[in-house]
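Containing CSV, C-alpha atoms and all ligand atoms: entry_4.csv.
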chain,number,residue,atom,x,y,z
A,6,MET,CA,0.0,0.0,0.0
A,7,GLU,CA,1.5,3.4,-1.0
A,8,LEU,CA,0.6,6.3,1.2
A,9,LYS,CA,0.5,9.8,-0.4
A,10,LYS,CA,-1.9,11.7,1.8
A,11,VAL,CA,-2.9,11.1,5.5
A,12,LEU,CA,-5.6,12.9,7.5
A,13,LEU,CA,-4.2,13.5,11.0
A,14,ILE,CA,-7.1,14.3,13.2
A,15,GLY,CA,-5.9,15.7,16.6
A,16,GLY,CA,-2.6,16.3,14.9
A,17,SER,CA,-2.1,19.8,16.3
A,18,GLY,CA,-1.2,18.5,19.8
A,19,PHE,CA,1.9,17.1,21.6
A,20,VAL,CA,1.8,13.6,20.0
A,21,GLY,CA,0.5,15.0,16.7
A,22,GLY,CA,3.5,17.2,16.1
A,23,TRP,CA,5.8,14.1,16.3
A,24,VAL,CA,3.6,12.0,14.1
A,25,ALA,CA,3.4,14.8,11.5
A,26,ASN,CA,7.2,15.1,11.6
A,27,ARG,CA,7.7,11.4,11.0
A,28,LEU,CA,5.1,11.4,8.1
A,29,THR,CA,6.8,14.4,6.5
A,30,GLU,CA,10.2,12.6,6.6
A,31,ARG,CA,8.6,10.0,4.4
A,32,GLY,CA,7.3,12.6,2.0
A,33,ILE,CA,3.7,12.0,2.9
A,34,ARG,CA,1.2,14.9,2.6
A,35,VAL,CA,-0.4,15.5,6.0
A,36,ILE,CA,-3.7,17.3,6.5
A,37,ILE,CA,-4.3,18.5,10.1
A,38,PRO,CA,-7.7,19.9,11.0
A,39,THR,CA,-7.7,22.1,14.1
A,40,ARG,CA,-10.0,24.4,16.0
A,41,HIS,CA,-7.1,26.9,16.5
A,42,ARG,CA,-4.9,27.1,13.4
A,43,ASP,CA,-3.1,30.1,14.9
A,44,HIS,CA,-1.9,27.8,17.8
A,45,SER,CA,-0.3,25.4,15.5
A,46,ARG,CA,2.1,27.6,13.7
A,47,GLN,CA,5.1,25.3,14.4
A,48,LEU,CA,3.4,22.7,12.1
A,49,ILE,CA,3.4,25.1,9.1
A,50,LEU,CA,7.2,24.8,9.1
A,51,LEU,CA,6.9,21.1,8.1
A,52,PRO,CA,7.1,21.0,4.3
A,53,THR,CA,4.3,18.6,3.6
A,54,VAL,CA,1.9,19.5,6.4
A,55,TYR,CA,-1.3,21.5,5.8
A,56,THR,CA,-3.3,22.8,8.7
A,57,VAL,CA,-6.9,23.7,8.2
A,58,ASP,CA,-9.5,25.4,10.4
A,59,ALA,CA,-12.2,22.7,10.8
A,60,ASP,CA,-14.9,21.4,13.1
A,61,VAL,CA,-14.3,17.7,12.8
A,62,HIS,CA,-17.5,17.0,14.7
A,63,ASP,CA,-19.5,18.2,11.7
A,64,PRO,CA,-20.1,15.2,9.4
A,65,GLN,CA,-20.0,17.4,6.3
A,66,VAL,CA,-16.7,18.9,7.3
A,67,LEU,CA,-15.3,15.3,7.9
A,68,ALA,CA,-16.6,14.2,4.6
A,69,SER,CA,-14.8,16.9,2.8
A,70,LEU,CA,-11.6,16.2,4.7
A,71,MET,CA,-11.6,12.6,3.5
A,72,SER,CA,-11.2,13.6,-0.1
A,73,GLY,CA,-8.2,11.9,-1.7
A,74,VAL,CA,-7.0,10.5,1.7
A,75,ASP,CA,-5.2,7.1,1.8
A,76,ALA,CA,-5.3,6.8,5.6
A,77,VAL,CA,-6.6,8.5,8.8
A,78,ILE,CA,-5.0,8.8,12.1
A,79,ASN,CA,-7.1,9.9,15.1
A,80,LEU,CA,-5.3,11.4,18.1
A,81,VAL,CA,-8.1,13.5,19.5
A,82,GLY,CA,-8.3,13.2,23.3
A,83,ILE,CA,-9.1,15.4,26.3
A,84,LEU,CA,-8.2,14.8,30.0
A,85,HIS,CA,-11.0,16.7,31.7
A,86,ASP,CA,-14.8,16.8,31.8
A,87,ARG,CA,-16.6,18.6,34.6
A,88,ASP,CA,-19.8,16.7,33.7
A,89,SER,CA,-19.8,13.7,36.1
A,90,SER,CA,-22.6,11.7,34.4
A,91,GLN,CA,-22.1,8.0,34.2
A,92,PRO,CA,-20.4,6.2,32.6
A,93,TYR,CA,-18.8,9.4,31.3
A,94,GLY,CA,-19.7,13.0,30.7
A,95,LYS,CA,-20.8,14.8,27.5
A,96,ARG,CA,-17.3,16.2,26.6
A,97,PHE,CA,-15.6,12.8,27.0
A,98,ALA,CA,-18.5,11.2,25.0
A,99,ALA,CA,-18.1,13.8,22.1
A,100,ALA,CA,-14.3,13.5,21.9
A,101,HIS,CA,-13.6,9.9,22.6
A,102,VAL,CA,-16.8,8.0,21.5
A,103,GLU,CA,-19.0,10.0,19.1
A,104,LEU,CA,-16.1,11.4,17.1
A,105,PRO,CA,-14.5,8.0,16.3
A,106,LYS,CA,-17.9,6.8,15.2
A,107,LYS,CA,-18.3,9.8,12.9
A,108,ILE,CA,-14.8,9.2,11.5
A,109,LEU,CA,-15.7,5.6,10.8
A,110,LEU,CA,-18.9,6.6,9.0
A,111,ALA,CA,-17.1,9.3,6.9
A,112,MET,CA,-14.4,6.8,6.0
A,113,ARG,CA,-17.0,4.2,4.8
A,114,GLN,CA,-18.8,6.9,2.8
A,115,ALA,CA,-15.6,8.1,1.2
A,116,GLY,CA,-14.1,4.7,0.6
A,117,VAL,CA,-11.1,5.3,2.9
A,118,ARG,CA,-10.1,2.0,4.5
A,119,ARG,CA,-7.1,2.6,6.8
A,120,LEU,CA,-7.5,4.0,10.4
A,121,VAL,CA,-5.0,4.2,13.2
A,122,HIS,CA,-6.7,5.2,16.5
A,123,MET,CA,-5.2,6.5,19.8
A,124,SER,CA,-6.7,5.0,22.9
A,125,ALA,CA,-5.1,4.7,26.4
A,126,LEU,CA,-3.5,1.9,28.5
A,127,ARG,CA,-6.1,0.3,30.9
A,128,ALA,CA,-9.1,1.7,29.0
A,129,SER,CA,-12.0,-0.5,29.9
A,130,ASP,CA,-15.8,-0.3,30.5
A,131,ASP,CA,-15.4,-0.8,34.2
A,132,ALA,CA,-12.3,1.4,34.8
A,133,PRO,CA,-12.6,3.7,37.8
A,134,SER,CA,-12.2,6.9,35.6
A,135,ALA,CA,-14.6,8.3,33.1
A,136,TYR,CA,-11.6,9.2,30.8
A,137,LEU,CA,-10.7,5.5,30.6
A,138,ARG,CA,-14.3,4.3,30.2
A,139,SER,CA,-14.9,6.7,27.3
A,140,LYS,CA,-11.6,5.7,25.7
A,141,ALA,CA,-12.7,2.1,26.0
A,142,ALA,CA,-16.0,2.9,24.2
A,143,GLY,CA,-14.2,4.7,21.4
A,144,GLU,CA,-11.7,1.8,21.0
A,145,ALA,CA,-14.6,-0.7,20.9
A,146,ALA,CA,-16.3,1.2,18.1
A,147,VAL,CA,-13.0,1.3,16.1
A,148,LEU,CA,-12.2,-2.4,16.6
A,149,GLY,CA,-15.9,-3.3,15.9
A,150,ALA,CA,-15.3,-2.0,12.3
A,151,ALA,CA,-12.4,-4.4,11.7
A,152,SER,CA,-14.5,-6.7,9.4
A,153,GLU,CA,-14.9,-3.9,6.9
A,154,LEU,CA,-12.1,-1.4,7.5
A,155,GLU,CA,-8.3,-1.8,8.2
A,156,VAL,CA,-8.1,-0.5,11.8
A,157,THR,CA,-5.4,-0.5,14.4
A,158,VAL,CA,-5.6,0.8,18.0
A,159,PHE,CA,-2.7,1.9,20.2
A,160,ARG,CA,-2.9,2.1,24.0
A,161,PRO,CA,0.0,4.0,25.5
A,162,SER,CA,1.1,4.5,29.1
A,163,VAL,CA,1.9,8.1,29.9
A,164,ILE,CA,3.9,9.8,27.2
A,165,PHE,CA,7.0,11.9,27.8
A,166,GLY,CA,9.2,14.0,25.5
A,167,PRO,CA,10.0,17.6,24.7
A,168,GLY,CA,6.8,19.6,25.1
A,169,ASP,CA,5.0,17.0,27.3
A,170,SER,CA,2.6,18.2,29.9
A,171,PHE,CA,3.7,15.5,32.4
A,172,LEU,CA,7.3,15.9,33.4
A,173,ASN,CA,7.3,19.5,32.3
A,174,THR,CA,4.4,20.2,34.7
A,175,PHE,CA,6.4,18.7,37.6
A,176,ALA,CA,9.4,20.7,36.5
A,177,THR,CA,7.4,24.0,36.7
A,178,LEU,CA,5.9,23.1,40.1
A,179,LEU,CA,9.3,22.1,41.5
A,180,LYS,CA,10.7,25.3,40.3
A,181,LEU,CA,7.9,27.3,42.0
A,182,PHE,CA,7.4,25.6,45.3
A,183,PRO,CA,9.9,24.4,48.0
A,184,VAL,CA,7.6,21.6,49.0
A,185,LEU,CA,5.4,19.5,46.8
A,186,PRO,CA,2.3,17.8,48.2
A,187,LEU,CA,1.6,14.8,45.9
A,188,GLY,CA,-1.6,12.7,45.5
A,189,GLY,CA,-1.3,9.2,44.0
A,190,GLY,CA,2.5,9.1,44.6
A,191,ALA,CA,2.5,5.3,44.7
A,192,ALA,CA,0.7,4.9,41.3
A,193,ARG,CA,3.0,3.1,38.9
A,194,PHE,CA,3.7,4.0,35.2
A,195,GLN,CA,5.8,2.8,32.3
A,196,PRO,CA,6.3,6.1,30.6
A,197,VAL,CA,6.9,5.9,26.8
A,198,TYR,CA,8.9,8.3,24.6
A,199,VAL,CA,6.8,10.4,22.2
A,200,GLY,CA,9.2,9.7,19.4
A,201,ASP,CA,8.7,6.0,19.8
A,202,VAL,CA,4.9,6.4,19.9
A,203,ALA,CA,5.2,8.4,16.6
A,204,ASP,CA,7.4,5.6,15.1
A,205,ALA,CA,4.8,3.0,16.0
A,206,PHE,CA,1.9,5.0,14.4
A,207,CYS,CA,3.9,5.5,11.2
A,208,ALA,CA,5.3,2.0,10.9
A,209,CYS,CA,2.0,0.3,11.3
A,210,LEU,CA,0.2,2.4,8.6
A,211,THR,CA,1.3,0.0,5.8
A,212,ASP,CA,1.7,-3.1,8.0
A,213,ARG,CA,-1.1,-5.5,7.1
A,214,ALA,CA,-0.3,-7.7,10.2
A,215,THR,CA,-1.6,-4.8,12.4
A,216,PHE,CA,-5.1,-4.6,10.8
A,217,GLY,CA,-7.7,-5.4,13.4
A,218,GLN,CA,-5.2,-5.3,16.3
A,219,ALA,CA,-4.8,-3.3,19.5
A,220,TYR,CA,-1.2,-2.8,20.8
A,221,GLU,CA,0.1,-1.4,24.1
A,222,LEU,CA,2.9,1.2,24.0
A,223,CYS,CA,4.9,1.2,27.2
A,224,GLY,CA,8.5,2.1,28.0
A,225,PRO,CA,11.0,-0.4,29.3
A,226,THR,CA,10.9,0.7,33.0
A,227,VAL,CA,8.3,0.9,35.8
A,228,TYR,CA,8.4,4.0,38.1
A,229,THR,CA,6.1,5.3,40.8
A,230,LEU,CA,4.7,8.8,40.3
A,231,ARG,CA,6.8,9.9,43.3
A,232,GLU,CA,10.0,8.5,41.6
A,233,LEU,CA,9.2,10.4,38.5
A,234,VAL,CA,8.7,13.7,40.4
A,235,GLU,CA,12.0,13.1,42.3
A,236,TYR,CA,13.8,12.3,39.1
A,237,THR,CA,12.5,15.5,37.4
A,238,GLY,CA,13.7,17.4,40.5
A,239,GLU,CA,17.2,15.8,40.2
A,240,LEU,CA,17.4,16.7,36.5
A,241,ILE,CA,16.5,20.3,36.9
A,242,GLY,CA,18.6,20.7,40.1
A,243,LYS,CA,15.5,21.3,42.3
A,244,ARG,CA,15.5,18.5,44.8
A,245,ARG,CA,12.4,19.3,46.8
A,246,LEU,CA,10.5,17.7,49.7
A,247,VAL,CA,7.7,15.6,48.2
A,248,ILE,CA,4.9,14.9,50.7
A,249,ASP,CA,2.5,12.0,50.0
A,250,LEU,CA,-1.0,13.3,50.5
A,251,PRO,CA,-3.6,10.9,52.0
A,252,ASP,CA,-6.5,10.1,49.6
A,253,ALA,CA,-9.0,12.5,51.1
A,254,LEU,CA,-6.6,15.4,50.8
A,255,ALA,CA,-5.4,14.3,47.4
A,256,TYR,CA,-9.0,14.4,46.1
A,257,LEU,CA,-9.6,17.8,47.7
A,258,GLN,CA,-6.4,19.1,46.0
A,259,ALA,CA,-7.5,17.7,42.7
A,260,SER,CA,-11.0,19.1,43.0
A,261,LEU,CA,-9.6,22.6,43.6
A,262,LEU,CA,-7.0,22.3,40.8
A,263,SER,CA,-9.8,21.1,38.4
A,264,LEU,CA,-11.4,24.6,38.8
A,265,LEU,CA,-8.4,26.2,37.0
A,266,PRO,CA,-8.9,27.1,33.3
A,267,LYS,CA,-6.2,24.6,32.3
A,268,PRO,CA,-6.4,22.1,35.2
A,269,PRO,CA,-3.1,20.2,35.8
A,270,LEU,CA,-5.1,17.5,37.7
A,271,SER,CA,-8.7,16.4,38.3
A,272,PRO,CA,-10.4,13.9,40.6
A,273,ASP,CA,-11.0,11.7,37.5
A,274,ASN,CA,-7.2,11.8,36.7
A,275,LEU,CA,-6.6,10.6,40.3
A,276,ARG,CA,-9.2,7.8,39.8
A,277,SER,CA,-7.3,6.7,36.6
A,278,MET,CA,-4.2,6.3,38.8
A,279,GLN,CA,-5.9,3.7,40.9
A,280,LEU,CA,-4.9,1.3,38.1
A,281,ASP,CA,-1.2,0.9,37.5
A,282,SER,CA,-0.4,2.0,34.0
A,283,LEU,CA,1.8,-1.0,33.2
A,284,SER,CA,2.2,-3.7,30.6
A,285,ASP,CA,3.6,-7.2,30.7
A,286,GLY,CA,5.1,-6.5,27.3
A,287,ARG,CA,3.0,-9.3,25.6
A,288,HIS,CA,0.8,-6.8,23.8
A,289,ASN,CA,3.5,-4.3,22.8
A,290,TYR,CA,3.8,-3.5,19.1
A,291,PRO,CA,6.0,-6.4,17.7
A,292,GLY,CA,9.6,-5.5,17.0
A,293,TRP,CA,9.3,-2.1,18.5
A,294,GLN,CA,12.1,-1.1,20.9
A,295,PRO,CA,11.1,1.8,23.2
A,296,ARG,CA,13.8,4.1,24.6
A,297,SER,CA,14.4,4.6,28.3
A,298,LEU,CA,13.4,7.8,30.2
A,299,GLU,CA,17.0,8.2,31.2
A,300,ALA,CA,18.1,8.3,27.6
A,301,VAL,CA,15.8,11.1,26.7
A,302,ALA,CA,14.5,13.2,29.6
A,303,PRO,CA,17.9,14.8,30.6
A,304,GLY,CA,18.1,16.2,27.0
A,305,TYR,CA,15.0,18.4,27.4
A,306,LEU,CA,14.3,18.7,31.1
A,307,SER,CA,17.8,19.9,32.0
A,308,ALA,CA,17.4,22.6,29.4
A,309,VAL,CA,14.1,24.1,30.8
A,310,THR,CA,16.0,27.4,31.4
A,311,PRO,CA,19.8,28.1,31.3
A,312,GLU,CA,19.7,28.7,35.1
A,313,LEU,CA,18.0,25.3,35.7
A,314,ARG,CA,20.3,23.6,33.2
A,315,PHE,CA,23.4,24.5,35.3
A,316,ASP,CA,21.5,23.6,38.5
A,317,GLY,CA,20.8,20.2,36.9
A,318,TYR,CA,24.5,19.7,36.1
A,319,ARG,CA,25.5,20.6,39.6
A,320,SER,CA,22.8,18.4,41.2
A,321,ARG,CA,24.0,15.3,39.1
A,322,ALA,CA,27.6,16.1,40.0
A,323,GLY,CA,26.6,16.0,43.7
A,324,ARG,CA,27.5,19.6,44.1
A,325,LYS,CA,24.1,20.8,45.3
B,1,LIG,N1,0.0,12.5,26.4
B,1,LIG,C1,-0.1,11.4,27.1
B,1,LIG,O1,0.6,11.1,28.1
B,1,LIG,C2,-1.1,10.4,26.6
B,1,LIG,C3,-1.1,9.1,27.2
B,1,LIG,C4,-2.1,8.1,26.7
B,1,LIG,C5,-2.9,8.5,25.7
B,1,LIG,N2,-2.9,9.7,25.2
B,1,LIG,C6,-3.8,10.0,24.1
B,1,LIG,O2,-3.1,10.5,23.0
B,1,LIG,C7,-3.8,11.5,22.2
B,1,LIG,C8,-2.9,12.7,22.0
B,1,LIG,O3,-2.5,13.2,23.2
B,1,LIG,P1,-1.7,14.6,23.3
B,1,LIG,O4,-1.0,14.5,24.5
B,1,LIG,O5,-1.1,14.9,22.0
B,1,LIG,O6,-3.0,15.6,23.5
B,1,LIG,P2,-3.0,17.2,23.2
B,1,LIG,O7,-1.6,17.8,23.1
B,1,LIG,O8,-3.9,17.8,24.2
B,1,LIG,O9,-3.7,17.3,21.8
B,1,LIG,C9,-5.0,17.0,21.6
B,1,LIG,C10,-5.4,17.1,20.2
B,1,LIG,O10,-6.9,16.8,20.1
B,1,LIG,C11,-7.6,17.9,19.6
B,1,LIG,N3,-8.8,18.1,20.3
B,1,LIG,C12,-8.9,18.2,21.7
B,1,LIG,N4,-10.2,18.3,22.0
B,1,LIG,C13,-10.9,18.2,20.9
B,1,LIG,C14,-12.3,18.3,20.6
B,1,LIG,N5,-13.2,18.4,21.5
B,1,LIG,N6,-12.6,18.2,19.3
B,1,LIG,C15,-11.7,18.1,18.3
B,1,LIG,N7,-10.4,18.0,18.5
B,1,LIG,C16,-10.0,18.1,19.8
B,1,LIG,C17,-6.7,19.1,19.7
B,1,LIG,O11,-6.9,19.9,18.5
B,1,LIG,P3,-7.2,21.5,18.5
B,1,LIG,O12,-6.0,22.0,17.7
B,1,LIG,O13,-8.4,21.6,17.8
B,1,LIG,O14,-7.2,22.0,19.9
B,1,LIG,C18,-5.3,18.5,19.6
B,1,LIG,O15,-4.9,18.3,18.3
B,1,LIG,C19,-5.1,11.7,23.0
B,1,LIG,O16,-6.1,10.9,22.5
B,1,LIG,C20,-4.7,11.2,24.4
B,1,LIG,O17,-5.9,10.8,25.1
B,1,LIG,C21,-2.0,10.7,25.6

What's the structure tokens form of this structure?
Ligand SMILES: NC(=O)c1ccc[n+]([C@@H]2O[C@H](COP(=O)([O-])OP(=O)(O)OC[C@H]3O[C@@H](n4cnc5c(N)ncnc54)[C@H](OP(=O)(O)O)[C@@H]3O)[C@@H](O)[C@H]2O)c1
Amino acid sequence: MELKKVLLIGGSGFVGGWVANRLTERGIRVIIPTRHRDHSRQLILLPTVYTVDADVHDPQVLASLMSGVDAVINLVGILHDRDSSQPYGKRFAAAHVELPKKILLAMRQAGVRRLVHMSALRASDDAPSAYLRSKAAGEAAVLGAASELEVTVFRPSVIFGPGDSFLNTFATLLKLFPVLPLGGGAARFQPVYVGDVADAFCACLTDRATFGQAYELCGPTVYTLRELVEYTGELIGKRRLVIDLPDALAYLQASLLSLLPKPPLSPDNLRSMQLDSLSDGRHNYPGWQPRSLEAVAPGYLSAVTPELRFDGYRSRAGRK
């Protein structure tokens, strides 16, 4: 299968930039619909990427975006929904469940057969978090179309890399506060590098063996959240006192933070951490070799600011 043009829905975000980069390297034309074209100026620098202002929830807009497309990648995802309806609120439903269904319908109508869809590790109907329940429903809709379309689902653990909102958020907090009260510090993760995630998305596009399959994307090492915060502090030269919050206080903290315009944490995020975000490696994408956190994170975290870069060097040399 030769790919000339890919529709990258949700391509204007953190993971999307990396996937777009990889597709560009292969000379593939990439169409990225976005609600905020002015926020995605960095993508315009990529030679074969075209960003368009579009409401992908509108079936007519989706239909026009499918024109001449060889494959679709769907990365749309949100972390917060203040609507606490069961099994998930309206925003999660629209982004994670209804949109994938609309994409499948538009693909059938346009005769586009290939879809690679982003889910999340531990997504399931009975997960404790609405985010994970809604991701499971979207994933089920996509895999349910496997008899007529060529679909693949990826389920990553938390993703790190330059521009992430995971370790970079800790770096900002550690820089600002001398003490960090942390909820869910014992939760375990297998963080995966965004460049490796992008590689898996691009490699599978033309790999027939991946049709109808769901793969986990997890890094090689397991860390607790507390270990990740402490490692971030070490890299930026801001070793801080990290205090484990008891559950009740952690949920209170998350409830307050969720009121911010761009919440760094919500009670639903904490509920998702009740499940370890780990893999036994049996469902990883075959032949795929993820890089370690230690091989990548120093390169971008230590460079947060020149001042912090030198603090990080001193810290690792045991001089601070
Ligand atoms: N980052 C992680 O650690 C992680 C871990 C596991 C799974 N995932 C999944 O990976 C995917 C990409 O994550 P990311 O970190 O790249 O997210 P991100 O940086 O927040 O980007 C989200 C993308 O989705 C689009 N989007 C958000 N809400 C939308 C809505 N209501 N309607 C239409 N488009 C919408 C945004 O487009 P606009 O330009 O229109 O805003 C943007 O392109 C998501 O599905 C996420 O759930 C991420």

Please provide as a list in words all residues within 7 Å of A:Ala142, with the sequence filter that same-chain residues fewer than 4 positions apart are discarded (counting all atoms listed in the file).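 Everything that qualifies: Val102, Arg138 and Ala146 of chain A.
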
Tell me, counting only C-alpha atoms and all ligand atoms, for each residue of chain A within 6 Å of ligand LIG 1 (chain B), which pair of atoms is nearest and how far apart they are in Å to one decimal, in rows ordered by chain and increasing number, as JSON lines.
{"residue": "A:Gly15", "atom": "CA", "partner": "B:LIG1", "partner_atom": "O15", "distance": 3.3}
{"residue": "A:Gly16", "atom": "CA", "partner": "B:LIG1", "partner_atom": "O15", "distance": 4.6}
{"residue": "A:Ser17", "atom": "CA", "partner": "B:LIG1", "partner_atom": "O15", "distance": 3.8}
{"residue": "A:Gly18", "atom": "CA", "partner": "B:LIG1", "partner_atom": "O7", "distance": 3.4}
{"residue": "A:Phe19", "atom": "CA", "partner": "B:LIG1", "partner_atom": "O5", "distance": 3.7}
{"residue": "A:Val20", "atom": "CA", "partner": "B:LIG1", "partner_atom": "O5", "distance": 3.8}
{"residue": "A:Gly21", "atom": "CA", "partner": "B:LIG1", "partner_atom": "O5", "distance": 5.5}
{"residue": "A:Thr39", "atom": "CA", "partner": "B:LIG1", "partner_atom": "O13", "distance": 3.8}
{"residue": "A:Arg40", "atom": "CA", "partner": "B:LIG1", "partner_atom": "O13", "distance": 3.7}
{"residue": "A:His41", "atom": "CA", "partner": "B:LIG1", "partner_atom": "O12", "distance": 5.2}
{"residue": "A:Leu80", "atom": "CA", "partner": "B:LIG1", "partner_atom": "C7", "distance": 4.4}
{"residue": "A:Val81", "atom": "CA", "partner": "B:LIG1", "partner_atom": "O10", "distance": 3.6}
{"residue": "A:Gly82", "atom": "CA", "partner": "B:LIG1", "partner_atom": "O16", "distance": 3.3}
{"residue": "A:Ile83", "atom": "CA", "partner": "B:LIG1", "partner_atom": "N4", "distance": 5.3}
{"residue": "A:Ala100", "atom": "CA", "partner": "B:LIG1", "partner_atom": "N5", "distance": 5.0}
{"residue": "A:Met123", "atom": "CA", "partner": "B:LIG1", "partner_atom": "O16", "distance": 5.2}
{"residue": "A:Ser124", "atom": "CA", "partner": "B:LIG1", "partner_atom": "C5", "distance": 5.9}
{"residue": "A:Ala125", "atom": "CA", "partner": "B:LIG1", "partner_atom": "C5", "distance": 4.4}
{"residue": "A:Pro161", "atom": "CA", "partner": "B:LIG1", "partner_atom": "C4", "distance": 4.8}
{"residue": "A:Ser162", "atom": "CA", "partner": "B:LIG1", "partner_atom": "C4", "distance": 5.4}
{"residue": "A:Val163", "atom": "CA", "partner": "B:LIG1", "partner_atom": "O1", "distance": 3.7}
{"residue": "A:Ile164", "atom": "CA", "partner": "B:LIG1", "partner_atom": "O1", "distance": 3.7}

Test item: residues at most 10 Å from stretch 172-188 of chain A, all atoms listed in the file, excluding those fewer than 4 positions along its chain, as an MDAnalysis selection string: chainID A and resid 164:168 192 230:231 233:259 269:270 275 278 302 305:307 309 313

Would you mind listing what lies within 12 Å of A:Pro38 as a ChimeraX atom specification, with only C-alpha atoms counted and same-chain residues fewer than 4 positions away left out? /A:11-18,21,42-45,48,54-63,66-67,69-71,77-81

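Among A:Gly32, A:Gly73, A:Pro133, A:Gly286, the residue with the shortest atom-to-atom distance to A:Tyr220, counting all atoms listed in the file, is A:Gly286.
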
Mind pulling up the distance from atom CA of A:Ala135 to atom CA of A:Asp273? 6.6 Å

Just the number, please: distance in Å from atom CA of A:Thr53 to atom CA of A:Asp212, one decimal.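 Rounded to one decimal, the two atoms are 22.3 Å apart.
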
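Separating atom CA of A:Leu298 from atom CA of A:Val199 is a distance of 10.7 Å.
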
Shortest contact to A:Ser129, candidates A:Leu280, A:Leu8, A:Ala214, A:Ala98, atoms counted only C-alpha atoms, goes to A:Leu280

Of the candidates A:Ser297, A:Ser139, A:Ser152, A:Thr157, which shows the shortest atom-to-atom distance to A:Arg119, using all atoms listed in the file? A:Thr157

Env of A:Val227: 9 Å cut, atoms = all atoms listed in the file, seq-sep filter 3 positions within chain, self excluded. Answer as a ChimeraX atom specification. /A:193-196,224,282-283

In file coordinates, which residues lie within 7 Å of (-1.2, 10.4, 1.8) using all atoms listed in the file, given as a ChimeraX atom specification? /A:8-11,33-35,74-76

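Using only C-alpha atoms, the shortest contact distance between A:Glu155 and any of A:Met6, A:Ser263, A:Ser277, A:Leu126 is found at A:Met6.
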
Using only C-alpha atoms, which residue out of A:Ser89, A:Asn274, A:Ser260, A:Ser284 lies closest to A:Thr226? A:Ser284

Select, counting only C-alpha atoms, all protein, DNA and RNA residues no farther than 12 Å from (-21.7, 7.3, 10.6) in file coordinates, and express the selection as a VMD selection string. chain A and resid 62 to 65 67 to 68 102 to 115 146 to 147 150

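Across A:Leu50, A:Ser170, A:Ile37, A:His85, the tightest approach to A:Pro268 is made by A:His85 when counting only C-alpha atoms.
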